Amino acid sequence: MSGFGGRVALVTGASRGIGRAIALALAAAGADLVVNYRREAATAEAVATEARALGRRALALGADVAEGDAVAAMVARAEAALGPIDILVNNAGIALRRTPEALSEAEFARTLAVNLTGAFLCIQRVLPGMRRRRWGRIVNISSGAARGGGIIGVHYNASKAGLEGLTRGYAARLAGEGVTVNAVAPSLIETDMLAEGREALARKVPLGRLGRPEEVAEAVLLVAGNAYMTGQTVPVNGGMHFT
Ligand code: NAP
């Protein structure tokens with residue numbers, strides 16, 4: 001496949017799980033790759049090595065997406081090495097399972113900072129270039145928890161609902177400029193984020209199993225490959241909710 005040949009993609013939180021699968025799917029489809037991570041430098045480097053084995057240019061760059069200066073430095077290094085970012089996938093996220101009673105103000109703030117502000121900071125950095133070139137694809141990884149209760153907590157619900165608002169807000173403002181902004185909303189995907197109670201969770205899914213990171217990646221490539229689709233949220237949830 002070479003649907004994204006000549007494009008440069010930045011995937012946040014791509015050292016593991018869904019982000020890793022998205023990064024490798026984009027590389028397989030022809031894109032050069034920036035593999036962002038926060039802590040797992042070695043696994044992020046392994047993802048970049050896999051992309052290079054596919055014939056792509058790739059580098060792993062550490063940055064906490066919640067820190068504006070770190071995001072700016074990451075994008076500057078990425079663009080110096082690979083050229084302007086054409087495809088941004090805001091995937092980095094945290095999911096602290098908390099009841100309403102146990103949730104602290106600091107945990108609420110950190111969740112919003114990573115899951116929502118992080119996407120904003122990355123978009124703001126790559127957007128001027130996308131607008132100049134009149135081509136860009138932004139995909140935000142939301143969650144079924146943007147609309148439903150979910151299993152994590154109210155802080156996570158709020159961060160993902162906010163991310164979908166951000167998606168539609170940018171989409172509306174960029175529709176005439178060749179830049180599309182969409183969300184993909186997975187539920188119950190087999191990653192480290194769902195390390196506990198997988199069998200019980202799988203029983204909640206009409207399809208009878210958890211989803212695979214590669215199945216989320218397929219939806220991301222679908223929306224990134226479509227120039228007429230913007231402001232949408234695509235659920236990938238085994239039939240748990242219908243929209
Ligand atoms: P995961 O396995 O826990 O991986 C999280 C990734 O995000 C890691 O690569 C991690 O990097 C990175 N990350 C965390 N905080 C970061 C920060 N501040 N800055 C940069 N990177 C950061 O999670 P996952 O299940 O693949 O989830 C990926 C996305 O899908 C998240 O947005 C999550 O909310 C969403 N989602 C997941 C599910 C699910 O069932 N798994 C369902 C709905 C939505 P390091 O490892 O290098 O620290």
# chains A, B, ... in the order shown; residues from 1 in each chain; ligands from 1
call {"tool": "residues_near_ligand", "arguments": {"ligand": "ligand 1", "cutoff": "6 Å", "atoms": "only C-alpha atoms and all ligand atoms", "output": "PyMOL selection string"}}
result
chain A and resi 12-19+37-40+63-66+91-94+114+141-143+186-194
call {"tool": "residues_around", "arguments": {"residues": "Gly144 of chain A", "least_positions_apart": "6", "cutoff": "12 Å", "atoms": "only C-alpha atoms", "output": "PyMOL selection string"}}
result
chain A and resi 150-152+156-161+163-164+183-189+233-243
call {"tool": "atom_distance", "arguments": {"atom1": "atom CA of Arg137 of chain A", "atom2": "atom CA of Gly3 of chain A"}}
result
13.1 Å
call {"tool": "select_by_dssp", "arguments": {"residues": "segment 20-188 of chain A", "states": "alpha helix (DSSP H)", "output": "PDB file with C-alpha atoms, in the first residue's frame"}}
result
ATOM      1  CA  ARG A  20       1.777   1.754  18.062  1.00  0.00           C
ATOM      2  CA  ALA A  21      -0.741  -0.009  15.799  1.00  0.00           C
ATOM      3  CA  ILE A  22      -1.751   3.287  14.169  1.00  0.00           C
ATOM      4  CA  ALA A  23       1.881   4.266  13.614  1.00  0.00           C
ATOM      5  CA  LEU A  24       2.768   0.969  11.980  1.00  0.00           C
ATOM      6  CA  ALA A  25      -0.374   0.987   9.823  1.00  0.00           C
ATOM      7  CA  LEU A  26       0.486   4.487   8.567  1.00  0.00           C
ATOM      8  CA  ALA A  27       4.057   3.376   7.860  1.00  0.00           C
ATOM      9  CA  ALA A  28       2.770   0.313   6.002  1.00  0.00           C
ATOM     10  CA  ALA A  41      11.930   5.214  24.887  1.00  0.00           C
ATOM     11  CA  ALA A  42      13.083   1.695  24.033  1.00  0.00           C
ATOM     12  CA  THR A  43       9.685   0.462  22.862  1.00  0.00           C
ATOM     13  CA  ALA A  44       9.150   3.683  20.882  1.00  0.00           C
ATOM     14  CA  GLU A  45      12.538   3.189  19.241  1.00  0.00           C
ATOM     15  CA  ALA A  46      11.495  -0.375  18.377  1.00  0.00           C
ATOM     16  CA  VAL A  47       8.386   0.976  16.618  1.00  0.00           C
ATOM     17  CA  ALA A  48      10.557   3.400  14.626  1.00  0.00           C
ATOM     18  CA  THR A  49      12.890   0.526  13.736  1.00  0.00           C
ATOM     19  CA  GLU A  50       9.909  -1.502  12.454  1.00  0.00           C
ATOM     20  CA  ALA A  51       8.827   1.454  10.310  1.00  0.00           C
ATOM     21  CA  ARG A  52      12.336   1.788   8.886  1.00  0.00           C
ATOM     22  CA  ALA A  53      12.248  -1.931   8.034  1.00  0.00           C
ATOM     23  CA  GLY A  68       3.630  23.204  25.473  1.00  0.00           C
ATOM     24  CA  ASP A  69       7.415  23.673  25.351  1.00  0.00           C
ATOM     25  CA  ALA A  70       8.018  19.936  24.984  1.00  0.00           C
ATOM     26  CA  VAL A  71       5.480  19.726  22.152  1.00  0.00           C
ATOM     27  CA  ALA A  72       7.094  22.698  20.396  1.00  0.00           C
ATOM     28  CA  ALA A  73      10.551  21.116  20.677  1.00  0.00           C
ATOM     29  CA  MET A  74       9.253  17.770  19.423  1.00  0.00           C
ATOM     30  CA  VAL A  75       7.556  19.269  16.361  1.00  0.00           C
ATOM     31  CA  ALA A  76      10.630  21.384  15.564  1.00  0.00           C
ATOM     32  CA  ARG A  77      12.925  18.340  15.732  1.00  0.00           C
ATOM     33  CA  ALA A  78      10.492  16.223  13.725  1.00  0.00           C
ATOM     34  CA  GLU A  79      10.115  18.806  10.964  1.00  0.00           C
ATOM     35  CA  ALA A  80      13.873  19.424  10.782  1.00  0.00           C
ATOM     36  CA  ALA A  81      14.459  15.699  10.300  1.00  0.00           C
ATOM     37  CA  LEU A  82      11.489  14.605   8.173  1.00  0.00           C
ATOM     38  CA  GLU A 105      -8.504  17.693  41.811  1.00  0.00           C
ATOM     39  CA  ALA A 106      -4.935  16.948  40.660  1.00  0.00           C
ATOM     40  CA  GLU A 107      -6.034  13.743  38.887  1.00  0.00           C
ATOM     41  CA  PHE A 108      -8.897  15.576  37.186  1.00  0.00           C
ATOM     42  CA  ALA A 109      -6.521  18.323  36.022  1.00  0.00           C
ATOM     43  CA  ARG A 110      -3.831  15.915  34.797  1.00  0.00           C
ATOM     44  CA  THR A 111      -6.384  13.884  32.821  1.00  0.00           C
ATOM     45  CA  LEU A 112      -7.666  17.008  31.081  1.00  0.00           C
ATOM     46  CA  GLY A 118      -2.311  17.711  24.764  1.00  0.00           C
ATOM     47  CA  ALA A 119      -4.312  17.386  21.551  1.00  0.00           C
ATOM     48  CA  PHE A 120      -4.821  21.157  21.397  1.00  0.00           C
ATOM     49  CA  LEU A 121      -1.085  21.824  21.865  1.00  0.00           C
ATOM     50  CA  CYS A 122      -0.111  19.385  19.106  1.00  0.00           C
ATOM     51  CA  ILE A 123      -2.750  20.723  16.699  1.00  0.00           C
ATOM     52  CA  GLN A 124      -1.703  24.341  17.263  1.00  0.00           C
ATOM     53  CA  ARG A 125       1.920  23.453  16.430  1.00  0.00           C
ATOM     54  CA  VAL A 126       1.252  21.616  13.153  1.00  0.00           C
ATOM     55  CA  LEU A 127      -1.747  23.608  11.928  1.00  0.00           C
ATOM     56  CA  PRO A 128       0.007  26.659  10.423  1.00  0.00           C
ATOM     57  CA  GLY A 129       1.990  24.379   8.088  1.00  0.00           C
ATOM     58  CA  MET A 130      -1.067  22.352   7.117  1.00  0.00           C
ATOM     59  CA  ARG A 131      -2.984  25.534   6.295  1.00  0.00           C
ATOM     60  CA  ARG A 132      -0.099  26.898   4.224  1.00  0.00           C
ATOM     61  CA  ARG A 133       0.098  23.665   2.235  1.00  0.00           C
ATOM     62  CA  VAL A 154     -15.998  11.289  35.202  1.00  0.00           C
ATOM     63  CA  HIS A 155     -12.631  12.973  34.548  1.00  0.00           C
ATOM     64  CA  TYR A 156     -12.054  10.641  31.595  1.00  0.00           C
ATOM     65  CA  ASN A 157     -15.639  11.203  30.325  1.00  0.00           C
ATOM     66  CA  ALA A 158     -15.049  14.957  30.440  1.00  0.00           C
ATOM     67  CA  SER A 159     -11.674  14.773  28.671  1.00  0.00           C
ATOM     68  CA  LYS A 160     -12.998  12.672  25.801  1.00  0.00           C
ATOM     69  CA  ALA A 161     -16.222  14.665  25.392  1.00  0.00           C
ATOM     70  CA  GLY A 162     -14.030  17.772  25.277  1.00  0.00           C
ATOM     71  CA  LEU A 163     -11.835  16.146  22.641  1.00  0.00           C
ATOM     72  CA  GLU A 164     -14.865  15.553  20.439  1.00  0.00           C
ATOM     73  CA  GLY A 165     -15.881  19.206  20.876  1.00  0.00           C
ATOM     74  CA  LEU A 166     -12.360  20.231  19.902  1.00  0.00           C
ATOM     75  CA  THR A 167     -12.643  17.969  16.847  1.00  0.00           C
ATOM     76  CA  ARG A 168     -15.840  19.588  15.628  1.00  0.00           C
ATOM     77  CA  GLY A 169     -14.633  23.098  16.440  1.00  0.00           C
ATOM     78  CA  TYR A 170     -11.495  22.762  14.346  1.00  0.00           C
ATOM     79  CA  ALA A 171     -13.318  20.845  11.599  1.00  0.00           C
ATOM     80  CA  ALA A 172     -15.835  23.640  11.160  1.00  0.00           C
ATOM     81  CA  ARG A 173     -13.121  26.271  10.895  1.00  0.00           C
ATOM     82  CA  LEU A 174     -10.816  24.351   8.569  1.00  0.00           C
TER      83      LEU A 174
END
call {"tool": "atom_distance", "arguments": {"atom1": "atom CA of Gly62 of chain A", "atom2": "atom CA of Arg212 of chain A"}}
result
24.9 Å
call {"tool": "select_by_dssp", "arguments": {"residues": "segment 45-221 of chain A", "states": "strand (DSSP E or B)", "output": "list in words"}}
result
Ala58, Leu59, Ala60, Leu61, Gly62, Ile87, Leu88, Val89, Asn90, Gly136, Arg137, Ile138, Val139, Asn140, Ile141, Val179, Thr180, Val181, Asn182, Ala183, Val184, Ala185, Pro186, Ile189 and Gly211 of chain A
call {"tool": "residues_around", "arguments": {"residues": "Leu59 of chain A", "least_positions_apart": "6", "cutoff": "7 Å", "atoms": "only C-alpha atoms", "output": "ChimeraX atom specification"}}
result
/A:33-35,48
call {"tool": "write_last_selection", "arguments": {"atoms": "N, CA and C atoms", "output": "CSV table (one decimal), in the first residue's frame"}}
result
chain,number,residue,atom,x,y,z
A,33,LEU,N,7.4,8.6,9.6
A,33,LEU,CA,6.8,8.5,10.9
A,33,LEU,C,7.5,9.2,12.0
A,34,VAL,N,6.8,9.9,12.9
A,34,VAL,CA,7.3,10.4,14.2
A,34,VAL,C,6.6,9.6,15.2
A,35,VAL,N,7.3,8.8,16.0
A,35,VAL,CA,6.8,8.0,17.1
A,35,VAL,C,6.9,8.7,18.4
A,48,ALA,N,9.9,2.7,15.7
A,48,ALA,CA,10.6,3.4,14.6
A,48,ALA,C,11.4,2.4,13.8
call {"tool": "closest_residue", "arguments": {"among": "A:Ala29, A:Leu201, A:Met229, A:Val8", "to": "Gly83 of chain A", "atoms": "only C-alpha atoms"}}
result
A:Val8
call {"tool": "decode", "arguments": {"residues": "segment 122-198 of chain A", "atoms": "C-alpha atoms", "output": "mmCIF file, in the first residue's frame"}}
result
data_model
loop_
_atom_site.group_PDB
_atom_site.id
_atom_site.type_symbol
_atom_site.label_atom_id
_atom_site.label_comp_id
_atom_site.auth_asym_id
_atom_site.auth_seq_id
_atom_site.Cartn_x
_atom_site.Cartn_y
_atom_site.Cartn_z
ATOM 1 C CA CYS A 122 -0.111 19.385 19.106
ATOM 2 C CA ILE A 123 -2.750 20.723 16.699
ATOM 3 C CA GLN A 124 -1.703 24.341 17.263
ATOM 4 C CA ARG A 125 1.920 23.453 16.430
ATOM 5 C CA VAL A 126 1.252 21.616 13.153
ATOM 6 C CA LEU A 127 -1.747 23.608 11.928
ATOM 7 C CA PRO A 128 0.007 26.659 10.423
ATOM 8 C CA GLY A 129 1.990 24.379 8.088
ATOM 9 C CA MET A 130 -1.067 22.352 7.117
ATOM 10 C CA ARG A 131 -2.984 25.534 6.295
ATOM 11 C CA ARG A 132 -0.099 26.898 4.224
ATOM 12 C CA ARG A 133 0.098 23.665 2.235
ATOM 13 C CA ARG A 134 -3.709 23.380 2.148
ATOM 14 C CA TRP A 135 -3.510 19.731 3.131
ATOM 15 C CA GLY A 136 -3.735 18.099 6.520
ATOM 16 C CA ARG A 137 -5.341 15.204 8.359
ATOM 17 C CA ILE A 138 -5.964 15.346 12.098
ATOM 18 C CA VAL A 139 -7.441 12.335 13.881
ATOM 19 C CA ASN A 140 -8.207 12.492 17.587
ATOM 20 C CA ILE A 141 -8.551 9.249 19.530
ATOM 21 C CA SER A 142 -11.646 9.689 21.658
ATOM 22 C CA SER A 143 -13.543 6.907 23.456
ATOM 23 C CA GLY A 144 -17.022 5.501 23.907
ATOM 24 C CA ALA A 145 -16.718 7.326 27.255
ATOM 25 C CA ALA A 146 -17.259 10.654 25.455
ATOM 26 C CA ARG A 147 -20.958 9.711 25.308
ATOM 27 C CA GLY A 148 -21.441 6.779 27.684
ATOM 28 C CA GLY A 149 -20.498 6.221 31.312
ATOM 29 C CA GLY A 150 -17.634 3.821 30.620
ATOM 30 C CA ILE A 151 -15.427 2.188 33.239
ATOM 31 C CA ILE A 152 -12.803 4.857 34.035
ATOM 32 C CA GLY A 153 -14.446 7.868 35.656
ATOM 33 C CA VAL A 154 -15.998 11.289 35.202
ATOM 34 C CA HIS A 155 -12.631 12.973 34.548
ATOM 35 C CA TYR A 156 -12.054 10.641 31.595
ATOM 36 C CA ASN A 157 -15.639 11.203 30.325
ATOM 37 C CA ALA A 158 -15.049 14.957 30.440
ATOM 38 C CA SER A 159 -11.674 14.773 28.671
ATOM 39 C CA LYS A 160 -12.998 12.672 25.801
ATOM 40 C CA ALA A 161 -16.222 14.665 25.392
ATOM 41 C CA GLY A 162 -14.030 17.772 25.277
ATOM 42 C CA LEU A 163 -11.835 16.146 22.641
ATOM 43 C CA GLU A 164 -14.865 15.553 20.439
ATOM 44 C CA GLY A 165 -15.881 19.206 20.876
ATOM 45 C CA LEU A 166 -12.360 20.231 19.902
ATOM 46 C CA THR A 167 -12.643 17.969 16.847
ATOM 47 C CA ARG A 168 -15.840 19.588 15.628
ATOM 48 C CA GLY A 169 -14.633 23.098 16.440
ATOM 49 C CA TYR A 170 -11.495 22.762 14.346
ATOM 50 C CA ALA A 171 -13.318 20.845 11.599
ATOM 51 C CA ALA A 172 -15.835 23.640 11.160
ATOM 52 C CA ARG A 173 -13.121 26.271 10.895
ATOM 53 C CA LEU A 174 -10.816 24.351 8.569
ATOM 54 C CA ALA A 175 -13.277 22.721 6.179
ATOM 55 C CA GLY A 176 -12.459 25.060 3.306
ATOM 56 C CA GLU A 177 -8.699 24.718 3.664
ATOM 57 C CA GLY A 178 -7.979 21.084 2.852
ATOM 58 C CA VAL A 179 -7.520 20.135 6.495
ATOM 59 C CA THR A 180 -9.903 17.516 7.890
ATOM 60 C CA VAL A 181 -10.374 16.833 11.595
ATOM 61 C CA ASN A 182 -12.124 13.691 12.788
ATOM 62 C CA ALA A 183 -12.293 11.492 15.854
ATOM 63 C CA VAL A 184 -12.179 7.738 16.245
ATOM 64 C CA ALA A 185 -13.872 6.463 19.397
ATOM 65 C CA PRO A 186 -12.808 2.988 20.511
ATOM 66 C CA SER A 187 -14.256 1.000 23.381
ATOM 67 C CA LEU A 188 -12.636 -1.897 25.229
ATOM 68 C CA ILE A 189 -9.485 -2.494 23.205
ATOM 69 C CA GLU A 190 -6.892 -5.038 24.345
ATOM 70 C CA THR A 191 -4.002 -2.844 25.543
ATOM 71 C CA ASP A 192 -2.136 -2.132 28.799
ATOM 72 C CA MET A 193 -4.883 0.401 29.583
ATOM 73 C CA LEU A 194 -7.266 -2.533 30.043
ATOM 74 C CA ALA A 195 -4.899 -4.800 31.913
ATOM 75 C CA GLU A 196 -7.438 -5.858 34.550
ATOM 76 C CA GLY A 197 -10.634 -7.901 34.265
ATOM 77 C CA ARG A 198 -10.454 -8.502 30.542
#
